[in-house]
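Trainee: PDB, C-alpha atoms, pLDDT in the B column, saved as structure_34.pdb, coming up:
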ATOM      1  CA  MET Q 250     173.979  35.790 -78.897  1.00 41.00           C
ATOM      2  CA  THR Q 251     173.436  37.789 -82.101  1.00 38.00           C
ATOM      3  CA  PHE Q 252     174.170  36.608 -85.617  1.00 38.00           C
ATOM      4  CA  SER Q 253     174.213  38.479 -88.878  1.00 37.00           C
ATOM      5  CA  LEU Q 254     175.040  37.124 -92.279  1.00 43.00           C
ATOM      6  CA  HIS Q 255     176.978  39.281 -94.657  1.00 38.00           C
ATOM      7  CA  SER Q 256     178.045  38.638 -98.227  1.00 33.00           C
ATOM      8  CA  THR Q 257     181.543  38.122 -96.858  1.00 30.00           C
ATOM      9  CA  VAL Q 258     181.999  35.107 -94.651  1.00 32.00           C
ATOM     10  CA  HIS Q 259     183.698  36.046 -91.373  1.00 32.00           C
ATOM     11  CA  ARG Q 260     186.036  33.374 -90.100  1.00 31.00           C
ATOM     12  CA  ARG Q 261     188.259  32.639 -87.162  1.00 28.00           C
ATOM     13  CA  LEU Q 262     186.492  34.721 -84.555  1.00 28.00           C
ATOM     14  CA  VAL Q 263     186.279  33.621 -80.944  1.00 29.00           C
ATOM     15  CA  TYR Q 264     185.262  30.011 -81.367  1.00 32.00           C
ATOM     16  CA  LYS Q 265     186.967  26.871 -80.173  1.00 36.00           C
ATOM     17  CA  PRO Q 266     185.590  23.718 -81.794  1.00 38.00           C
ATOM     18  CA  THR Q 267     186.279  20.371 -80.219  1.00 40.00           C
ATOM     19  CA  SER Q 268     186.798  17.181 -82.205  1.00 42.00           C
ATOM     20  CA  ALA Q 269     183.023  16.708 -82.057  1.00 50.00           C
ATOM     21  CA  ARG Q 270     180.714  19.532 -80.972  1.00 47.00           C
ATOM     22  CA  THR Q 271     178.497  18.893 -78.016  1.00 50.00           C
ATOM     23  CA  HIS Q 272     174.934  20.095 -78.286  1.00 67.00           C
ATOM     24  CA  ASN Q 273     174.554  22.504 -75.391  1.00 85.00           C
ATOM     25  CA  ASN Q 274     172.231  25.497 -75.798  1.00 90.00           C
ATOM     26  CA  ASP Q 275     174.985  27.840 -77.034  1.00 91.00           C
ATOM     27  CA  ALA Q 276     176.151  25.350 -79.665  1.00 89.00           C
ATOM     28  CA  ILE Q 277     172.567  24.769 -80.792  1.00 95.00           C
ATOM     29  CA  GLN Q 278     171.993  28.509 -81.214  1.00 96.00           C
ATOM     30  CA  GLU Q 279     175.226  28.830 -83.204  1.00 95.00           C
ATOM     31  CA  PHE Q 280     173.626  26.562 -85.804  1.00 97.00           C
ATOM     32  CA  LEU Q 281     169.972  27.503 -85.443  1.00 97.00           C
ATOM     33  CA  ALA Q 282     170.066  31.309 -85.274  1.00 97.00           C
ATOM     34  CA  PRO Q 283     171.787  31.965 -88.625  1.00 97.00           C
ATOM     35  CA  HIS Q 284     169.478  29.470 -90.358  1.00 98.00           C
ATOM     36  CA  ASN Q 285     166.449  31.283 -88.975  1.00 98.00           C
ATOM     37  CA  ILE Q 286     167.763  34.718 -89.953  1.00 98.00           C
ATOM     38  CA  VAL Q 287     167.882  33.552 -93.568  1.00 98.00           C
ATOM     39  CA  ARG Q 288     164.405  32.022 -93.324  1.00 98.00           C
ATOM     40  CA  ALA Q 289     162.909  35.081 -91.608  1.00 98.00           C
ATOM     41  CA  ARG Q 290     164.011  37.279 -94.529  1.00 97.00           C
ATOM     42  CA  LEU Q 291     161.671  35.202 -96.688  1.00 98.00           C
ATOM     43  CA  GLY Q 292     158.827  35.164 -94.162  1.00 98.00           C
ATOM     44  CA  LEU Q 293     159.326  31.445 -93.539  1.00 98.00           C
ATOM     45  CA  PRO Q 294     158.663  29.693 -90.235  1.00 98.00           C
ATOM     46  CA  PRO Q 295     161.753  29.198 -88.080  1.00 98.00           C
ATOM     47  CA  LEU Q 296     163.422  25.830 -87.923  1.00 98.00           C
ATOM     48  CA  LYS Q 297     163.284  23.992 -84.608  1.00 98.00           C
ATOM     49  CA  TRP Q 298     166.237  22.020 -83.259  1.00 98.00           C
ATOM     50  CA  SER Q 299     165.925  18.248 -83.423  1.00 98.00           C
ATOM     51  CA  LYS Q 300     168.072  16.112 -81.120  1.00 97.00           C
ATOM     52  CA  LYS Q 301     167.409  13.157 -83.407  1.00 97.00           C
ATOM     53  CA  LEU Q 302     168.718  15.016 -86.474  1.00 98.00           C
ATOM     54  CA  ALA Q 303     171.660  16.405 -84.491  1.00 97.00           C
ATOM     55  CA  SER Q 304     172.587  12.893 -83.342  1.00 97.00           C
ATOM     56  CA  PHE Q 305     172.428  11.671 -86.914  1.00 97.00           C
ATOM     57  CA  ALA Q 306     174.534  14.632 -88.130  1.00 97.00           C
ATOM     58  CA  LEU Q 307     177.095  13.954 -85.399  1.00 96.00           C
ATOM     59  CA  TRP Q 308     177.208  10.277 -86.327  1.00 96.00           C
ATOM     60  CA  TRP Q 309     177.669  11.063 -90.027  1.00 96.00           C
ATOM     61  CA  ALA Q 310     180.316  13.733 -89.404  1.00 94.00           C
ATOM     62  CA  GLY Q 311     182.105  11.129 -87.283  1.00 93.00           C
ATOM     63  CA  GLN Q 312     182.041   8.711 -90.211  1.00 95.00           C
ATOM     64  CA  ARG Q 313     183.903  11.339 -92.246  1.00 95.00           C
ATOM     65  CA  ARG Q 314     186.440  12.083 -89.499  1.00 95.00           C
ATOM     66  CA  ARG Q 315     189.205   9.978 -91.060  1.00 96.00           C
ATOM     67  CA  ASP Q 316     189.046  11.373 -94.608  1.00 95.00           C
ATOM     68  CA  CYS Q 317     187.084  14.631 -94.157  1.00 95.00           C
ATOM     69  CA  ALA Q 318     185.401  13.905 -97.501  1.00 95.00           C
ATOM     70  CA  LEU Q 319     182.221  15.696 -98.564  1.00 94.00           C
ATOM     71  CA  VAL Q 320     180.218  12.519 -99.015  1.00 96.00           C
ATOM     72  CA  HIS Q 321     176.477  12.566 -98.379  1.00 97.00           C
ATOM     73  CA  SER Q 322     174.971  10.005 -96.027  1.00 97.00           C
ATOM     74  CA  GLY Q 323     172.231   8.860 -98.396  1.00 95.00           C
ATOM     75  CA  SER Q 324     169.614   9.190 -95.645  1.00 96.00           C
ATOM     76  CA  ASP Q 325     166.063  10.395 -96.227  1.00 95.00           C
ATOM     77  CA  TYR Q 326     166.924  13.664 -94.470  1.00 98.00           C
ATOM     78  CA  GLY Q 327     167.897  16.798 -96.308  1.00 97.00           C
ATOM     79  CA  GLU Q 328     171.602  17.285 -95.811  1.00 98.00           C
ATOM     80  CA  ASN Q 329     174.054  20.137 -96.234  1.00 98.00           C
ATOM     81  CA  LEU Q 330     177.765  19.530 -95.805  1.00 98.00           C
ATOM     82  CA  PHE Q 331     180.538  22.068 -95.341  1.00 98.00           C
ATOM     83  CA  TRP Q 332     184.284  21.494 -95.490  1.00 97.00           C
ATOM     84  CA  GLY Q 333     186.813  24.013 -94.222  1.00 97.00           C
ATOM     85  CA  SER Q 334     190.588  23.944 -94.224  1.00 97.00           C
ATOM     86  CA  GLY Q 335     191.792  24.008 -90.640  1.00 97.00           C
ATOM     87  CA  LYS Q 336     189.855  23.785 -87.399  1.00 94.00           C
ATOM     88  CA  ASP Q 337     188.845  27.416 -86.741  1.00 95.00           C
ATOM     89  CA  TRP Q 338     185.440  27.307 -88.433  1.00 96.00           C
ATOM     90  CA  LYS Q 339     182.154  28.308 -86.837  1.00 95.00           C
ATOM     91  CA  PRO Q 340     178.652  27.016 -87.573  1.00 96.00           C
ATOM     92  CA  SER Q 341     177.763  30.470 -88.937  1.00 95.00           C
ATOM     93  CA  ASP Q 342     180.555  30.101 -91.537  1.00 97.00           C
ATOM     94  CA  ALA Q 343     178.849  27.032 -92.962  1.00 97.00           C
ATOM     95  CA  VAL Q 344     175.392  28.615 -92.907  1.00 97.00           C
ATOM     96  CA  ALA Q 345     176.710  31.823 -94.508  1.00 97.00           C
ATOM     97  CA  THR Q 346     178.390  29.818 -97.267  1.00 98.00           C
ATOM     98  CA  TRP Q 347     175.149  27.992 -98.021  1.00 98.00           C
ATOM     99  CA  ALA Q 348     173.127  31.224 -97.816  1.00 98.00           C
ATOM    100  CA  GLU Q 349     175.434  32.933-100.325  1.00 98.00           C
ATOM    101  CA  GLU Q 350     174.076  30.539-102.950  1.00 98.00           C
ATOM    102  CA  ARG Q 351     170.894  32.630-102.882  1.00 98.00           C
ATOM    103  CA  SER Q 352     172.312  34.759-105.691  1.00 98.00           C
ATOM    104  CA  TYR Q 353     172.477  31.650-107.896  1.00 98.00           C
ATOM    105  CA  TYR Q 354     168.850  30.636-107.378  1.00 98.00           C
ATOM    106  CA  ASP Q 355     166.290  31.816-109.952  1.00 97.00           C
ATOM    107  CA  HIS Q 356     162.916  31.600-108.188  1.00 97.00           C
ATOM    108  CA  LYS Q 357     160.933  32.229-111.377  1.00 96.00           C
ATOM    109  CA  SER Q 358     162.406  29.213-113.195  1.00 97.00           C
ATOM    110  CA  ASN Q 359     163.057  27.297-109.936  1.00 97.00           C
ATOM    111  CA  ARG Q 360     166.579  26.491-111.097  1.00 97.00           C
ATOM    112  CA  CYS Q 361     170.147  27.273-110.249  1.00 98.00           C
ATOM    113  CA  VAL Q 362     171.917  29.702-112.557  1.00 97.00           C
ATOM    114  CA  LYS Q 363     173.875  27.763-115.186  1.00 96.00           C
ATOM    115  CA  ASN Q 364     177.116  26.276-113.840  1.00 97.00           C
ATOM    116  CA  ARG Q 365     176.359  27.414-110.269  1.00 98.00           C
ATOM    117  CA  GLU Q 366     175.277  25.584-107.116  1.00 97.00           C
ATOM    118  CA  CYS Q 367     172.179  26.701-105.202  1.00 98.00           C
ATOM    119  CA  LEU Q 368     170.748  23.518-103.681  1.00 98.00           C
ATOM    120  CA  HIS Q 369     172.310  24.089-100.255  1.00 98.00           C
ATOM    121  CA  TYR Q 370     170.433  27.385-100.110  1.00 98.00           C
ATOM    122  CA  THR Q 371     167.123  25.902-101.260  1.00 98.00           C
ATOM    123  CA  LYS Q 372     167.489  23.129 -98.681  1.00 98.00           C
ATOM    124  CA  MET Q 373     167.904  25.732 -95.909  1.00 98.00           C
ATOM    125  CA  VAL Q 374     164.817  27.669 -96.988  1.00 98.00           C
ATOM    126  CA  TRP Q 375     162.536  24.773 -97.906  1.00 98.00           C
ATOM    127  CA  LYS Q 376     159.204  25.949 -96.522  1.00 98.00           C
ATOM    128  CA  GLU Q 377     158.027  22.524 -95.371  1.00 97.00           C
ATOM    129  CA  SER Q 378     161.292  21.733 -93.581  1.00 98.00           C
ATOM    130  CA  LEU Q 379     160.615  22.488 -89.932  1.00 98.00           C
ATOM    131  CA  LYS Q 380     163.426  20.711 -88.084  1.00 98.00           C
ATOM    132  CA  VAL Q 381     167.200  20.815 -88.268  1.00 98.00           C
ATOM    133  CA  GLY Q 382     170.056  19.156 -86.433  1.00 98.00           C
ATOM    134  CA  CYS Q 383     173.732  19.837 -87.045  1.00 98.00           C
ATOM    135  CA  ALA Q 384     177.169  18.776 -85.916  1.00 97.00           C
ATOM    136  CA  GLN Q 385     180.768  19.776 -86.411  1.00 96.00           C
ATOM    137  CA  THR Q 386     183.837  17.561 -86.406  1.00 95.00           C
ATOM    138  CA  VAL Q 387     187.525  18.337 -86.680  1.00 96.00           C
ATOM    139  CA  CYS Q 388     188.959  15.572 -88.834  1.00 96.00           C
ATOM    140  CA  GLU Q 389     192.160  13.650 -88.279  1.00 96.00           C
ATOM    141  CA  ASN Q 390     193.843  15.879 -90.887  1.00 96.00           C
ATOM    142  CA  ALA Q 391     192.883  18.951 -88.775  1.00 96.00           C
ATOM    143  CA  ASN Q 392     190.255  20.160 -91.280  1.00 97.00           C
ATOM    144  CA  THR Q 393     186.582  20.677 -90.444  1.00 97.00           C
ATOM    145  CA  ILE Q 394     183.336  19.031 -91.531  1.00 96.00           C
ATOM    146  CA  ILE Q 395     179.976  20.557 -90.631  1.00 97.00           C
ATOM    147  CA  SER Q 396     176.807  18.608 -91.340  1.00 97.00           C
ATOM    148  CA  CYS Q 397     173.211  19.821 -91.058  1.00 98.00           C
ATOM    149  CA  ASN Q 398     170.209  17.571 -91.584  1.00 98.00           C
ATOM    150  CA  TYR Q 399     166.679  18.809 -92.318  1.00 98.00           C
ATOM    151  CA  TYR Q 400     163.242  17.229 -91.947  1.00 98.00           C
ATOM    152  CA  PRO Q 401     161.277  16.909 -94.099  1.00 97.00           C
ATOM    153  CA  HIS Q 402     164.107  16.735 -96.628  1.00 96.00           C
ATOM    154  CA  GLY Q 403     163.042  19.360 -99.198  1.00 95.00           C
ATOM    155  CA  ASN Q 404     164.519  19.947-102.649  1.00 96.00           C
ATOM    156  CA  VAL Q 405     161.671  17.980-104.246  1.00 96.00           C
ATOM    157  CA  ILE Q 406     161.965  18.047-108.039  1.00 95.00           C
ATOM    158  CA  GLY Q 407     159.299  20.253-109.601  1.00 95.00           C
ATOM    159  CA  GLN Q 408     158.458  22.096-106.352  1.00 97.00           C
ATOM    160  CA  LYS Q 409     159.633  25.536-105.327  1.00 98.00           C
ATOM    161  CA  PRO Q 410     161.261  25.890-101.899  1.00 98.00           C
ATOM    162  CA  PHE Q 411     159.052  28.841-100.871  1.00 97.00           C
TER     163      PHE Q 411
END
Spell out the structure here as structure tokens.

Mentor:
Amino acid sequence: MTFSLHSTVHRRLVYKPTSARTHNNDAIQEFLAPHNIVRARLGLPPLKWSKKLASFALWWAGQRRRDCALVHSGSDYGENLFWGSGKDWKPSDAVATWAEERSYYDHKSNRCVKNRECLHYTKMVWKESLKVGCAQTVCENANTIISCNYYPHGNVIGQKPF
């Protein structure tokens, strides 16, 4: 399975999500590979899949199944959430969306560009984060939530991600 991230997010390719993604090897790689492509471009160590984090992500995505709201869990894990209209979203769509925030991150000042979001990107590329676990849920309203959790959490105030 090969992944590439482009500035344009490609959607609705051959991908059939279930109401809650199972974590077989193909599903794991659909989350893990695009994360590690982004990290490799910065010379960062690859993330390893964590069943514990994936179970937590699946649990939290399930908590959001009724309302599909982008509400963070409040755990001590790093957490990125993605919402998509409809059910034809792929894990790489979420990762590409977060990775696109790279253009809003100013490494020199270690800040997001004014009025722009970049913390999903910095969470993905946090050098000390070594584990990730993700899940995808189609909500009752037929929209999609994707949750990825990272350990250690990253985005520590005053520290640069890499």

Trainee: Hey, which of Q:Thr386, Q:Thr393, Q:Ser358, Q:Ser378 ends up closest to His284 (chain Q)? Count only C-alpha atoms.

Mentor: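 Ranked by minimum distance to His284 (chain Q), first place goes to Q:Ser378.
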
Trainee: For the structure shown, which residues end up in the PyMOL selection byres ((chain Q and resi 359-363) around 12)? Put them as a list in words, please?

Mentor: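 Applied to this file, the PyMOL selection byres ((chain Q and resi 359-363) around 12) returns Glu350, Arg351, Ser352, Tyr353, Tyr354, Asp355, His356, Lys357, Ser358, Asn364, Arg365, Glu366, Cys367, Leu368, His369, Tyr370, Thr371, Asn404, Val405, Ile406, Gly407, Gln408, Lys409, Pro410 and Phe411 of chain Q.
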
Trainee: Could you give me the axis-aligned bounding box of region 325-337 of chain Q, with 6 Å of padding per side, as centre plus edge lengths in Å to one decimal, as lines of an AutoDock Vina configuration file?

Mentor:
center_x = 178.9
center_y = 18.9
center_z = -91.5
size_x = 37.7
size_y = 29.0
size_z = 21.6

Trainee: Starting from the shown file, work through the PyMOL selection byres ((chain Q and resi 298) around 9) and note down what comes out as a list in words.

Mentor: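 After applying the PyMOL selection byres ((chain Q and resi 298) around 9), what remains is Ile277, Gln278, Leu281, Leu296, Lys297, Ser299, Lys300, Lys301, Leu302, Ala303, Leu379, Lys380, Val381, Gly382 and Cys383 of chain Q.
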
Trainee: Could you list, as a PyMOL selection string, every residue within 8 Å of Glu279 (chain Q), counting all atoms listed in the file and ignoring same-chain residues fewer than 5 positions away?

Mentor: chain Q and resi 339-341

Trainee: Keeping C-alpha atoms, export the residues of the selection given above as a tab-separated table (two decimals), in the coordinates of the input.

Mentor:
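Saved the output as again.tsv:
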chain	number	residue	atom	x	y	z
Q	339	LYS	CA	182.15	28.31	-86.84
Q	340	PRO	CA	178.65	27.02	-87.57
Q	341	SER	CA	177.76	30.47	-88.94

Trainee: Could you state the separation of CA of Met373 (chain Q) and CA of Trp338 (chain Q) in Å, given to one decimal place?

Mentor: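 Computing it gives 19.1 Å between the two atoms.
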
Trainee: For each of Q:Val387, Q:Trp308, Q:Ala276, Q:Val374, take the minimum atom-to-atom distance to Trp332 (chain Q), counting all atoms listed in the file, then give the residue where this is smallest.

Mentor: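 Smallest distance to Trp332 (chain Q) is found for Q:Val387.
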
Trainee: If the PyMOL selection byres ((chain Q and resi 313) around 12) is run on the structure shown, which residues does it catch, given as number ranges by chain?

Mentor: Q: 268-269, 306-312, 314-322, 330-332, 384-390, 392-396

Trainee: What's the separation between CA of Ala289 (chain Q) and CA of Gly403 (chain Q), in Å to one decimal place?

Mentor: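 These two atoms are separated by 17.5 Å.
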
Trainee: Could you jot down the CA of Trp375 (chain Q) to CA of Gly327 (chain Q) separation for me, Å, one decimal place?

Mentor: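 Distance between the two atoms: 9.7 Å.
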
Trainee: In terms of the shortest atom-to-atom distance over only C-alpha atoms, which of Q:Lys376, Q:Gly323, Q:Ala391, Q:Phe305 is closest to Val287 (chain Q)?

Mentor: Q:Lys376

Trainee: Counting all atoms listed in the file, which residue out of Q:Ser304, Q:Asn274, Q:Asn329, Q:Asn285 sits closest to Asn398 (chain Q)?

Mentor: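 Looking at the shortest contact to Asn398 (chain Q), the residue is Q:Asn329.
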
Trainee: Pick the closest to Gly333 (chain Q) from Q:Pro295, Q:Thr346, Q:His402, Q:Asn273: which is it, counting only C-alpha atoms?

Mentor: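 Using only C-alpha atoms, the shortest distance to Gly333 (chain Q) belongs to Q:Thr346.
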
Trainee: Please determine, counting only C-alpha atoms, which residue among Q:Asp275, Q:Leu293, Q:Pro283, Q:Lys372 has the shortest atom-to-atom distance to Tyr326 (chain Q).

Mentor: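 Under the stated criterion, the closest residue is Q:Lys372.
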